[in-house]
>>> print(open('upload-v8.pdb').read())   # PDB, C-alpha atoms, pLDDT in the B column
ATOM      1  CA  MET L   1      -5.792 -18.360   9.854  1.00 50.00           C
ATOM      2  CA  ALA L   2      -4.947 -14.845   8.751  1.00 62.00           C
ATOM      3  CA  ASP L   3      -7.148 -11.909   9.656  1.00 81.00           C
ATOM      4  CA  THR L   4      -9.275 -10.307   6.937  1.00 93.00           C
ATOM      5  CA  SER L   5      -7.283  -7.065   7.195  1.00 94.00           C
ATOM      6  CA  GLU L   6      -4.038  -8.969   6.582  1.00 95.00           C
ATOM      7  CA  LEU L   7      -5.558 -10.761   3.608  1.00 95.00           C
ATOM      8  CA  GLN L   8      -6.821  -7.472   2.168  1.00 95.00           C
ATOM      9  CA  LEU L   9      -3.393  -5.847   2.499  1.00 96.00           C
ATOM     10  CA  ARG L  10      -1.728  -8.860   0.872  1.00 96.00           C
ATOM     11  CA  LEU L  11      -4.359  -8.746  -1.853  1.00 96.00           C
ATOM     12  CA  TRP L  12      -3.709  -5.041  -2.517  1.00 97.00           C
ATOM     13  CA  PHE L  13       0.009  -5.666  -3.084  1.00 96.00           C
ATOM     14  CA  GLY L  14      -0.794  -8.793  -5.088  1.00 97.00           C
ATOM     15  CA  TYR L  15      -2.999  -6.700  -7.346  1.00 98.00           C
ATOM     16  CA  LEU L  16      -0.239  -4.120  -7.780  1.00 98.00           C
ATOM     17  CA  THR L  17       2.085  -6.954  -8.800  1.00 98.00           C
ATOM     18  CA  SER L  18      -0.560  -8.251 -11.211  1.00 98.00           C
ATOM     19  CA  PHE L  19      -0.853  -4.767 -12.731  1.00 98.00           C
ATOM     20  CA  LYS L  20       2.926  -4.786 -13.270  1.00 98.00           C
ATOM     21  CA  THR L  21       2.790  -8.237 -14.876  1.00 98.00           C
ATOM     22  CA  CYS L  22       0.058  -7.029 -17.225  1.00 98.00           C
ATOM     23  CA  ALA L  23       1.988  -3.867 -18.128  1.00 98.00           C
ATOM     24  CA  GLU L  24       5.092  -5.962 -18.876  1.00 98.00           C
ATOM     25  CA  LYS L  25       3.116  -7.757 -21.605  1.00 97.00           C
ATOM     26  CA  PHE L  26       2.675  -4.490 -23.481  1.00 97.00           C
ATOM     27  CA  ASN L  27       5.945  -2.696 -22.727  1.00 97.00           C
ATOM     28  CA  THR L  28       9.093  -4.656 -21.946  1.00 96.00           C
ATOM     29  CA  ASP L  29      10.651  -1.586 -20.287  1.00 97.00           C
ATOM     30  CA  VAL L  30       8.350  -2.261 -17.331  1.00 98.00           C
ATOM     31  CA  VAL L  31      10.273  -5.474 -16.593  1.00 97.00           C
ATOM     32  CA  ASN L  32      13.254  -3.414 -15.417  1.00 97.00           C
ATOM     33  CA  LEU L  33      11.188  -1.360 -12.938  1.00 98.00           C
ATOM     34  CA  SER L  34      11.096  -2.203  -9.258  1.00 97.00           C
ATOM     35  CA  LEU L  35       7.600  -2.517  -7.863  1.00 97.00           C
ATOM     36  CA  LEU L  36       8.085   0.892  -6.220  1.00 96.00           C
ATOM     37  CA  ASP L  37       9.106   2.561  -9.478  1.00 97.00           C
ATOM     38  CA  PHE L  38       6.236   0.868 -11.275  1.00 98.00           C
ATOM     39  CA  ALA L  39       3.761   1.917  -8.581  1.00 97.00           C
ATOM     40  CA  ASN L  40       4.729   5.559  -8.967  1.00 96.00           C
ATOM     41  CA  ALA L  41       4.938   5.534 -12.773  1.00 98.00           C
ATOM     42  CA  LYS L  42       2.258   7.175 -14.891  1.00 98.00           C
ATOM     43  CA  PRO L  43       0.435   4.445 -16.831  1.00 98.00           C
ATOM     44  CA  ALA L  44       0.372   6.506 -20.033  1.00 96.00           C
ATOM     45  CA  THR L  45       4.184   6.635 -19.961  1.00 97.00           C
ATOM     46  CA  TYR L  46       4.384   2.866 -20.488  1.00 98.00           C
ATOM     47  CA  LEU L  47       0.994   2.279 -22.092  1.00 97.00           C
ATOM     48  CA  ALA L  48       1.141   5.061 -24.614  1.00 94.00           C
ATOM     49  CA  ASP L  49      -1.887   4.551 -26.849  1.00 96.00           C
ATOM     50  CA  ALA L  50      -5.561   3.726 -26.440  1.00 96.00           C
ATOM     51  CA  VAL L  51      -5.183   0.196 -27.823  1.00 97.00           C
ATOM     52  CA  THR L  52      -2.404  -0.656 -25.364  1.00 97.00           C
ATOM     53  CA  GLN L  53      -4.306   0.943 -22.497  1.00 98.00           C
ATOM     54  CA  SER L  54      -7.407  -1.059 -23.401  1.00 97.00           C
ATOM     55  CA  SER L  55      -5.383  -4.271 -23.625  1.00 98.00           C
ATOM     56  CA  PHE L  56      -3.818  -3.554 -20.231  1.00 98.00           C
ATOM     57  CA  ALA L  57      -7.269  -2.874 -18.728  1.00 98.00           C
ATOM     58  CA  ASN L  58      -8.549  -6.195 -20.083  1.00 97.00           C
ATOM     59  CA  CYS L  59      -5.524  -8.018 -18.701  1.00 98.00           C
ATOM     60  CA  ALA L  60      -5.943  -6.323 -15.301  1.00 97.00           C
ATOM     61  CA  VAL L  61      -9.617  -7.312 -15.169  1.00 97.00           C
ATOM     62  CA  ASN L  62      -8.770 -10.912 -16.070  1.00 97.00           C
ATOM     63  CA  GLU L  63      -5.969 -11.115 -13.476  1.00 96.00           C
ATOM     64  CA  THR L  64      -7.650  -9.300 -10.584  1.00 96.00           C
ATOM     65  CA  GLN L  65     -11.402  -9.172 -11.274  1.00 96.00           C
ATOM     66  CA  ILE L  66     -11.170  -5.412 -10.573  1.00 95.00           C
ATOM     67  CA  PRO L  67     -13.326  -3.408 -13.016  1.00 95.00           C
ATOM     68  CA  VAL L  68     -10.527  -1.415 -14.668  1.00 96.00           C
ATOM     69  CA  GLN L  69     -11.606   0.711 -17.632  1.00 96.00           C
ATOM     70  CA  THR L  70      -9.435   2.167 -20.394  1.00 96.00           C
ATOM     71  CA  ALA L  71     -10.396   5.664 -19.214  1.00 96.00           C
ATOM     72  CA  ASP L  72      -9.119   4.780 -15.718  1.00 96.00           C
ATOM     73  CA  VAL L  73      -5.750   3.799 -17.198  1.00 97.00           C
ATOM     74  CA  SER L  74      -5.405   6.850 -19.439  1.00 96.00           C
ATOM     75  CA  SER L  75      -6.301   9.334 -16.712  1.00 96.00           C
ATOM     76  CA  ALA L  76      -4.388   7.883 -13.747  1.00 97.00           C
ATOM     77  CA  SER L  77      -1.341   9.801 -12.524  1.00 97.00           C
ATOM     78  CA  SER L  78       0.296   6.575 -11.307  1.00 97.00           C
ATOM     79  CA  PHE L  79      -0.398   2.867 -11.055  1.00 97.00           C
ATOM     80  CA  VAL L  80      -0.938   3.345  -7.291  1.00 96.00           C
ATOM     81  CA  VAL L  81      -3.625   5.906  -8.057  1.00 96.00           C
ATOM     82  CA  LEU L  82      -5.146   3.525 -10.630  1.00 97.00           C
ATOM     83  CA  LEU L  83      -5.304   0.695  -8.102  1.00 97.00           C
ATOM     84  CA  GLY L  84      -6.555   3.062  -5.404  1.00 95.00           C
ATOM     85  CA  SER L  85      -9.375   4.329  -7.596  1.00 95.00           C
ATOM     86  CA  THR L  86     -10.479   0.865  -8.710  1.00 93.00           C
ATOM     87  CA  PHE L  87      -9.872  -1.292  -5.600  1.00 94.00           C
ATOM     88  CA  GLY L  88      -9.264   1.081  -2.723  1.00 92.00           C
ATOM     89  CA  LEU L  89      -6.556   3.203  -1.202  1.00 93.00           C
ATOM     90  CA  VAL L  90      -3.702   1.304   0.401  1.00 96.00           C
ATOM     91  CA  ASN L  91      -4.009   3.591   3.456  1.00 96.00           C
ATOM     92  CA  ARG L  92      -7.229   1.943   4.546  1.00 95.00           C
ATOM     93  CA  TYR L  93      -5.734  -1.546   4.307  1.00 96.00           C
ATOM     94  CA  ILE L  94      -2.623  -0.517   6.233  1.00 97.00           C
ATOM     95  CA  ALA L  95      -4.690   1.171   8.948  1.00 97.00           C
ATOM     96  CA  ALA L  96      -7.010  -1.817   9.310  1.00 97.00           C
ATOM     97  CA  TYR L  97      -4.077  -4.219   9.597  1.00 97.00           C
ATOM     98  CA  LEU L  98      -2.262  -2.085  12.178  1.00 97.00           C
ATOM     99  CA  ARG L  99      -5.488  -1.849  14.158  1.00 97.00           C
ATOM    100  CA  PHE L 100      -5.846  -5.640  14.024  1.00 96.00           C
ATOM    101  CA  LEU L 101      -2.292  -6.038  15.357  1.00 96.00           C
ATOM    102  CA  SER L 102      -2.979  -3.652  18.245  1.00 96.00           C
ATOM    103  CA  PRO L 103      -3.954  -4.717  21.750  1.00 95.00           C
ATOM    104  CA  ALA L 104      -7.292  -3.879  23.355  1.00 95.00           C
ATOM    105  CA  PRO L 105      -8.878  -1.380  23.419  1.00 97.00           C
ATOM    106  CA  PHE L 106      -7.302  -0.179  20.158  1.00 97.00           C
ATOM    107  CA  ASN L 107      -8.127  -3.328  18.182  1.00 96.00           C
ATOM    108  CA  LYS L 108     -11.830  -2.873  19.025  1.00 96.00           C
ATOM    109  CA  MET L 109     -12.024   0.690  17.665  1.00 96.00           C
ATOM    110  CA  ASN L 110     -13.284   1.539  14.237  1.00 96.00           C
ATOM    111  CA  VAL L 111     -10.441   2.328  11.849  1.00 97.00           C
ATOM    112  CA  GLY L 112     -11.151   6.073  11.871  1.00 96.00           C
ATOM    113  CA  ASP L 113     -10.916   6.285  15.649  1.00 98.00           C
ATOM    114  CA  PHE L 114      -7.809   4.106  15.634  1.00 98.00           C
ATOM    115  CA  GLU L 115      -6.092   6.493  13.223  1.00 98.00           C
ATOM    116  CA  LEU L 116      -6.800   9.377  15.627  1.00 98.00           C
ATOM    117  CA  GLN L 117      -4.789   7.754  18.421  1.00 98.00           C
ATOM    118  CA  MET L 118      -1.545   9.428  19.394  1.00 97.00           C
ATOM    119  CA  THR L 119       1.489   7.226  18.771  1.00 97.00           C
ATOM    120  CA  PRO L 120       2.630   7.184  22.432  1.00 97.00           C
ATOM    121  CA  ALA L 121      -0.727   5.694  23.433  1.00 97.00           C
ATOM    122  CA  LEU L 122       0.185   2.580  21.465  1.00 97.00           C
ATOM    123  CA  PHE L 123       3.961   2.768  21.654  1.00 97.00           C
ATOM    124  CA  PRO L 124       5.077   4.265  24.998  1.00 96.00           C
ATOM    125  CA  LYS L 125       8.694   3.405  24.174  1.00 97.00           C
ATOM    126  CA  GLY L 126       8.498   4.844  20.662  1.00 96.00           C
ATOM    127  CA  ALA L 127      10.136   2.919  17.847  1.00 97.00           C
ATOM    128  CA  SER L 128      11.842   0.620  20.363  1.00 97.00           C
ATOM    129  CA  ASP L 129       8.487  -0.446  21.822  1.00 97.00           C
ATOM    130  CA  PRO L 130       8.015  -4.222  21.444  1.00 97.00           C
ATOM    131  CA  LEU L 131       4.564  -3.680  19.950  1.00 97.00           C
ATOM    132  CA  TRP L 132       5.953  -1.386  17.258  1.00 97.00           C
ATOM    133  CA  LEU L 133       8.824  -3.768  16.498  1.00 97.00           C
ATOM    134  CA  THR L 134       6.316  -6.574  15.960  1.00 97.00           C
ATOM    135  CA  MET L 135       3.963  -4.411  13.884  1.00 96.00           C
ATOM    136  CA  ASN L 136       6.786  -3.101  11.732  1.00 97.00           C
ATOM    137  CA  ALA L 137       8.066  -6.635  11.099  1.00 97.00           C
ATOM    138  CA  ASP L 138       4.562  -7.785  10.190  1.00 96.00           C
ATOM    139  CA  ILE L 139       4.075  -4.894   7.744  1.00 97.00           C
ATOM    140  CA  ALA L 140       7.538  -5.481   6.255  1.00 96.00           C
ATOM    141  CA  ALA L 141       6.643  -9.137   5.694  1.00 96.00           C
ATOM    142  CA  ILE L 142       3.694  -8.123   3.512  1.00 95.00           C
ATOM    143  CA  VAL L 143       4.814  -4.960   1.703  1.00 95.00           C
ATOM    144  CA  ASP L 144       7.322  -5.374  -1.127  1.00 93.00           C
ATOM    145  CA  LYS L 145      10.820  -4.477   0.055  1.00 94.00           C
ATOM    146  CA  THR L 146      11.201  -1.745  -2.563  1.00 94.00           C
ATOM    147  CA  CYS L 147       7.963  -0.179  -1.322  1.00 95.00           C
ATOM    148  CA  TYR L 148       8.890  -0.447   2.374  1.00 95.00           C
ATOM    149  CA  SER L 149      12.635   0.029   2.255  1.00 94.00           C
ATOM    150  CA  ALA L 150      14.985   0.540   5.182  1.00 94.00           C
ATOM    151  CA  ALA L 151      14.873   4.286   4.503  1.00 94.00           C
ATOM    152  CA  GLN L 152      11.074   4.228   4.517  1.00 95.00           C
ATOM    153  CA  GLN L 153      11.063   2.235   7.768  1.00 96.00           C
ATOM    154  CA  THR L 154      13.381   4.837   9.311  1.00 97.00           C
ATOM    155  CA  ALA L 155      10.987   7.626   8.286  1.00 97.00           C
ATOM    156  CA  VAL L 156       8.080   5.717   9.815  1.00 97.00           C
ATOM    157  CA  ALA L 157      10.058   5.085  13.027  1.00 97.00           C
ATOM    158  CA  ALA L 158      10.683   8.839  13.334  1.00 97.00           C
ATOM    159  CA  LEU L 159       6.910   9.352  13.393  1.00 97.00           C
ATOM    160  CA  VAL L 160       6.454   6.586  15.954  1.00 97.00           C
ATOM    161  CA  ASN L 161       9.074   8.347  18.103  1.00 97.00           C
ATOM    162  CA  ASN L 162       7.273  11.691  17.829  1.00 97.00           C
ATOM    163  CA  ASN L 163       4.802  12.058  20.707  1.00 96.00           C
ATOM    164  CA  ALA L 164       2.791  14.628  18.744  1.00 97.00           C
ATOM    165  CA  LYS L 165       1.963  12.278  15.847  1.00 98.00           C
ATOM    166  CA  LEU L 166      -1.176  10.291  15.207  1.00 98.00           C
ATOM    167  CA  MET L 167      -1.504   6.779  13.886  1.00 98.00           C
ATOM    168  CA  SER L 168      -2.871   8.359  10.697  1.00 98.00           C
ATOM    169  CA  ASP L 169       0.559   9.972  10.219  1.00 98.00           C
ATOM    170  CA  VAL L 170       2.200   6.549  10.525  1.00 98.00           C
ATOM    171  CA  VAL L 171      -0.278   5.029   8.077  1.00 97.00           C
ATOM    172  CA  THR L 172       0.226   7.851   5.574  1.00 97.00           C
ATOM    173  CA  GLN L 173       4.012   7.497   5.727  1.00 97.00           C
ATOM    174  CA  ILE L 174       3.854   3.745   5.146  1.00 96.00           C
ATOM    175  CA  ALA L 175       1.419   4.317   2.262  1.00 95.00           C
ATOM    176  CA  LYS L 176       3.854   6.686   0.537  1.00 92.00           C
ATOM    177  CA  LEU L 177       5.591   3.540  -0.702  1.00 88.00           C
ATOM    178  CA  GLY L 178       9.201   4.539  -0.798  1.00 74.00           C
TER
END
>>> encode(input="upload-v8.pdb", output="structure tokens")
Amino acid sequence: MADTSELQLRLWFGYLTSFKTCAEKFNTDVVNLSLLDFANAKPATYLADAVTQSSFANCAVNETQIPVQTADVSSASSFVVLLGSTFGLVNRYIAAYLRFLSPAPFNKMNVGDFELQMTPALFPKGASDPLWLTMNADIAAIVDKTCYSAAQQTAVAALVNNNAKLMSDVVTQIAKLG
């Protein structure tokens, strides 16, 4: 059975996909967007008027059970920000899942303390460390490939290789979705 942190991360990306499906109902241009491009798009760009924004909010509520309001849609700078403000920031789900995948004592820490760990404490061999290779593969299996591309994985690996970086830096880079 999957861990709660894995389920929450899968749920977050499922909700982002549901948001995209809802937006496609009101603007067919959204169909041509990758999930990454959609995530970073301003909702008002594709949902231009109050009626469309309200209809999208209703669809999002029906699909996700997240209490999305028309004002949330009209004021959000991106769909990622909209989902973050109504369900939670993806950073916290990524951090919790990475903590779950970690060995003791890291997997017993609270998420905040885990994020303060230096990368070499977890990955003595940097991005070639077997633990990192497993974690990266597990994250890549959950996060949409446009949101965790090869280029994004390379940027994350550079942080894992940097002995002066914290796990929070790794989490933030993954959460950039790019």
>>> residues_around(input="upload-v8.pdb", residues="segment 39-49 of chain L", least_positions_apart="2", cutoff="6 Å", atoms="all atoms listed in the file", output="JSON, numbers by chain")
{"L": [35, 36, 37, 51, 52, 53, 74, 77, 78, 79, 80]}
>>> atom_distance(input="upload-v8.pdb", atom1="atom CA of Gln117 of chain L", atom2="atom CA of Ala164 of chain L")
10.2 Å
>>> closest_atom_pairs(input="upload-v8.pdb", of="segment 36-107 of chain L", to="segment 172-175 of chain L", cutoff="9 Å", atoms="all atoms listed in the file", output="tab-separated table")
residue	atom	partner	partner_atom	distance
L:Leu89	CA	L:Ala175	CA	8.8
L:Val90	CA	L:Ala175	CA	6.2
L:Asn91	CA	L:Ala175	CA	5.6
L:Ile94	CA	L:Ala175	CA	7.4
L:Ala95	CA	L:Thr172	CA	9.0
>>> closest_residue(input="upload-v8.pdb", among="L:Leu33, L:Arg92, L:Ser18, L:Tyr148", to="Val61 of chain L", atoms="all atoms listed in the file")
L:Ser18
>>> atom_distance(input="upload-v8.pdb", atom1="atom CA of Val143 of chain L", atom2="atom CA of Glu115 of chain L")
19.6 Å
>>> resolve_selection(input="upload-v8.pdb", expression="the PyMOL selection byres ((chain L and resi 64) around 9)", output="number ranges by chain")
L: 14-15, 18-19, 59-63, 65-67
>>> residues_around(input="upload-v8.pdb", residues="Asn161 of chain L", least_positions_apart="5", cutoff="10 Å", atoms="only C-alpha atoms", output="number ranges by chain")
L: 119-120, 123-129, 156
>>> atom_distance(input="upload-v8.pdb", atom1="atom CA of Ala96 of chain L", atom2="atom CA of Val68 of chain L")
24.2 Å
>>> closest_residue(input="upload-v8.pdb", among="L:Ala140, L:Val171, L:Leu159, L:Leu177", to="Phe38 of chain L", atoms="all atoms listed in the file")
L:Leu177
>>> closest_residue(input="upload-v8.pdb", among="L:Asp138, L:Phe87, L:Asn32, L:Met118", to="Asn162 of chain L", atoms="only C-alpha atoms")
L:Met118
>>> residues_around(input="upload-v8.pdb", residues="Ala121 of chain L", least_positions_apart="6", cutoff="10 Å", atoms="all atoms listed in the file", output="list in words")
Phe106, Asn163, Leu166 and Met167 of chain L
>>> write_last_selection(input="upload-v8.pdb", atoms="C-alpha atoms", output="JSON list (two decimals), in the coordinates of the input")
[["chain", "number", "residue", "atom", "x", "y", "z"],
["L", 106, "PHE", "CA", -7.30, -0.18, 20.16],
["L", 163, "ASN", "CA", 4.80, 12.06, 20.71],
["L", 166, "LEU", "CA", -1.18, 10.29, 15.21],
["L", 167, "MET", "CA", -1.50, 6.78, 13.89]]
>>> resolve_selection(input="upload-v8.pdb", expression="the PyMOL selection byres ((chain L and resi 3) around 12)", output="PyMOL selection string")
chain L and resi 1-2+4-10+93+96-101
>>> closest_residue(input="upload-v8.pdb", among="L:Glu24, L:Asp169, L:Asp144, L:Asp113", to="Ser55 of chain L", atoms="all atoms listed in the file")
L:Glu24
>>> closest_residue(input="upload-v8.pdb", among="L:Val30, L:Asn58, L:Val160, L:Ser75", to="Thr17 of chain L", atoms="only C-alpha atoms")
L:Val30
>>> residues_near_point(input="upload-v8.pdb", point="(-11.3, 6.8, -9.5)", cutoff="10 Å", atoms="only C-alpha atoms", output="PyMOL selection string")
chain L and resi 68+71-73+75-76+81-88
>>> write_last_selection(input="upload-v8.pdb", atoms="C-alpha atoms", output="compact mmCIF listing (two decimals), in the frame of the given file")
# COMPACT_ATOMS: atom_id res chain seq x y z
CA VAL L 68 -10.53 -1.42 -14.67
CA ALA L 71 -10.40 5.66 -19.21
CA ASP L 72 -9.12 4.78 -15.72
CA VAL L 73 -5.75 3.80 -17.20
CA SER L 75 -6.30 9.33 -16.71
CA ALA L 76 -4.39 7.88 -13.75
CA VAL L 81 -3.62 5.91 -8.06
CA LEU L 82 -5.15 3.52 -10.63
CA LEU L 83 -5.30 0.70 -8.10
CA GLY L 84 -6.56 3.06 -5.40
CA SER L 85 -9.38 4.33 -7.60
CA THR L 86 -10.48 0.86 -8.71
CA PHE L 87 -9.87 -1.29 -5.60
CA GLY L 88 -9.26 1.08 -2.72
>>> axis_aligned_box(input="upload-v8.pdb", around="segment 144-150 of chain L", padding_each_side="4 Å", output="lines of an AutoDock Vina configuration file")
center_x = 11.2
center_y = -2.4
center_z = 1.3
size_x = 15.7
size_y = 13.9
size_z = 15.7
>>> closest_residue(input="upload-v8.pdb", among="L:Ala57, L:Leu11, L:Ala50, L:Ala141", to="Ala23 of chain L", atoms="all atoms listed in the file")
L:Ala57
>>> decode(input="upload-v8.pdb", residues="segment 61-87 of chain L", atoms="N, CA and C atoms", output="PDB file, in the first residue's frame")
ATOM      1  N   VAL L  61     -14.549  22.453  -8.438  1.00  0.00           N
ATOM      2  CA  VAL L  61     -15.127  21.964  -7.184  1.00  0.00           C
ATOM      3  C   VAL L  61     -15.738  20.581  -7.399  1.00  0.00           C
ATOM      4  N   ASN L  62     -16.486  20.427  -8.480  1.00  0.00           N
ATOM      5  CA  ASN L  62     -17.129  19.137  -8.762  1.00  0.00           C
ATOM      6  C   ASN L  62     -16.110  18.029  -9.004  1.00  0.00           C
ATOM      7  N   GLU L  63     -15.009  18.352  -9.667  1.00  0.00           N
ATOM      8  CA  GLU L  63     -13.993  17.342 -10.012  1.00  0.00           C
ATOM      9  C   GLU L  63     -13.053  17.015  -8.860  1.00  0.00           C
ATOM     10  N   THR L  64     -12.794  17.981  -7.987  1.00  0.00           N
ATOM     11  CA  THR L  64     -11.750  17.793  -6.971  1.00  0.00           C
ATOM     12  C   THR L  64     -12.250  17.900  -5.532  1.00  0.00           C
ATOM     13  N   GLN L  65     -13.403  18.473  -5.338  1.00  0.00           N
ATOM     14  CA  GLN L  65     -13.945  18.756  -4.001  1.00  0.00           C
ATOM     15  C   GLN L  65     -13.138  19.841  -3.281  1.00  0.00           C
ATOM     16  N   ILE L  66     -12.280  20.550  -4.009  1.00  0.00           N
ATOM     17  CA  ILE L  66     -11.515  21.666  -3.441  1.00  0.00           C
ATOM     18  C   ILE L  66     -12.395  22.912  -3.531  1.00  0.00           C
ATOM     19  N   PRO L  67     -12.507  23.691  -2.469  1.00  0.00           N
ATOM     20  CA  PRO L  67     -13.377  24.865  -2.478  1.00  0.00           C
ATOM     21  C   PRO L  67     -12.782  26.033  -3.277  1.00  0.00           C
ATOM     22  N   VAL L  68     -12.861  25.942  -4.591  1.00  0.00           N
ATOM     23  CA  VAL L  68     -12.354  26.987  -5.475  1.00  0.00           C
ATOM     24  C   VAL L  68     -13.458  28.025  -5.686  1.00  0.00           C
ATOM     25  N   GLN L  69     -13.107  29.281  -5.497  1.00  0.00           N
ATOM     26  CA  GLN L  69     -14.044  30.388  -5.686  1.00  0.00           C
ATOM     27  C   GLN L  69     -13.673  31.158  -6.951  1.00  0.00           C
ATOM     28  N   THR L  70     -14.648  31.837  -7.526  1.00  0.00           N
ATOM     29  CA  THR L  70     -14.396  32.654  -8.718  1.00  0.00           C
ATOM     30  C   THR L  70     -13.305  33.681  -8.438  1.00  0.00           C
ATOM     31  N   ALA L  71     -13.314  34.281  -7.267  1.00  0.00           N
ATOM     32  CA  ALA L  71     -12.289  35.276  -6.922  1.00  0.00           C
ATOM     33  C   ALA L  71     -10.896  34.650  -6.892  1.00  0.00           C
ATOM     34  N   ASP L  72     -10.803  33.375  -6.475  1.00  0.00           N
ATOM     35  CA  ASP L  72      -9.515  32.678  -6.492  1.00  0.00           C
ATOM     36  C   ASP L  72      -8.996  32.570  -7.919  1.00  0.00           C
ATOM     37  N   VAL L  73      -9.893  32.231  -8.834  1.00  0.00           N
ATOM     38  CA  VAL L  73      -9.523  32.049 -10.247  1.00  0.00           C
ATOM     39  C   VAL L  73      -9.088  33.377 -10.852  1.00  0.00           C
ATOM     40  N   SER L  74      -9.861  34.422 -10.615  1.00  0.00           N
ATOM     41  CA  SER L  74      -9.570  35.714 -11.256  1.00  0.00           C
ATOM     42  C   SER L  74      -8.293  36.357 -10.723  1.00  0.00           C
ATOM     43  N   SER L  75      -7.932  36.052  -9.487  1.00  0.00           N
ATOM     44  CA  SER L  75      -6.766  36.715  -8.902  1.00  0.00           C
ATOM     45  C   SER L  75      -5.473  35.902  -8.982  1.00  0.00           C
ATOM     46  N   ALA L  76      -5.560  34.638  -9.334  1.00  0.00           N
ATOM     47  CA  ALA L  76      -4.363  33.784  -9.343  1.00  0.00           C
ATOM     48  C   ALA L  76      -3.417  34.152 -10.483  1.00  0.00           C
ATOM     49  N   SER L  77      -2.131  34.141 -10.184  1.00  0.00           N
ATOM     50  CA  SER L  77      -1.119  34.449 -11.211  1.00  0.00           C
ATOM     51  C   SER L  77      -0.797  33.241 -12.079  1.00  0.00           C
ATOM     52  N   SER L  78      -1.178  32.052 -11.639  1.00  0.00           N
ATOM     53  CA  SER L  78      -0.996  30.836 -12.439  1.00  0.00           C
ATOM     54  C   SER L  78      -1.922  29.758 -11.867  1.00  0.00           C
ATOM     55  N   PHE L  79      -2.099  28.692 -12.644  1.00  0.00           N
ATOM     56  CA  PHE L  79      -2.907  27.588 -12.139  1.00  0.00           C
ATOM     57  C   PHE L  79      -2.203  26.880 -10.983  1.00  0.00           C
ATOM     58  N   VAL L  80      -0.864  26.862 -10.965  1.00  0.00           N
ATOM     59  CA  VAL L  80      -0.125  26.302  -9.837  1.00  0.00           C
ATOM     60  C   VAL L  80      -0.417  27.110  -8.577  1.00  0.00           C
ATOM     61  N   VAL L  81      -0.410  28.414  -8.701  1.00  0.00           N
ATOM     62  CA  VAL L  81      -0.717  29.270  -7.555  1.00  0.00           C
ATOM     63  C   VAL L  81      -2.159  29.037  -7.102  1.00  0.00           C
ATOM     64  N   LEU L  82      -3.075  28.898  -8.051  1.00  0.00           N
ATOM     65  CA  LEU L  82      -4.480  28.626  -7.711  1.00  0.00           C
ATOM     66  C   LEU L  82      -4.592  27.317  -6.932  1.00  0.00           C
ATOM     67  N   LEU L  83      -3.969  26.275  -7.411  1.00  0.00           N
ATOM     68  CA  LEU L  83      -4.026  24.992  -6.706  1.00  0.00           C
ATOM     69  C   LEU L  83      -3.313  25.082  -5.361  1.00  0.00           C
ATOM     70  N   GLY L  84      -2.190  25.780  -5.328  1.00  0.00           N
ATOM     71  CA  GLY L  84      -1.463  25.954  -4.069  1.00  0.00           C
ATOM     72  C   GLY L  84      -2.267  26.695  -3.022  1.00  0.00           C
ATOM     73  N   SER L  85      -3.024  27.693  -3.455  1.00  0.00           N
ATOM     74  CA  SER L  85      -3.799  28.487  -2.490  1.00  0.00           C
ATOM     75  C   SER L  85      -5.072  27.783  -2.033  1.00  0.00           C
ATOM     76  N   THR L  86      -5.547  26.824  -2.811  1.00  0.00           N
ATOM     77  CA  THR L  86      -6.800  26.153  -2.448  1.00  0.00           C
ATOM     78  C   THR L  86      -6.595  24.747  -1.893  1.00  0.00           C
ATOM     79  N   PHE L  87      -5.494  24.083  -2.241  1.00  0.00           N
ATOM     80  CA  PHE L  87      -5.234  22.722  -1.760  1.00  0.00           C
ATOM     81  C   PHE L  87      -3.934  22.600  -0.985  1.00  0.00           C
TER      82      PHE L  87
END
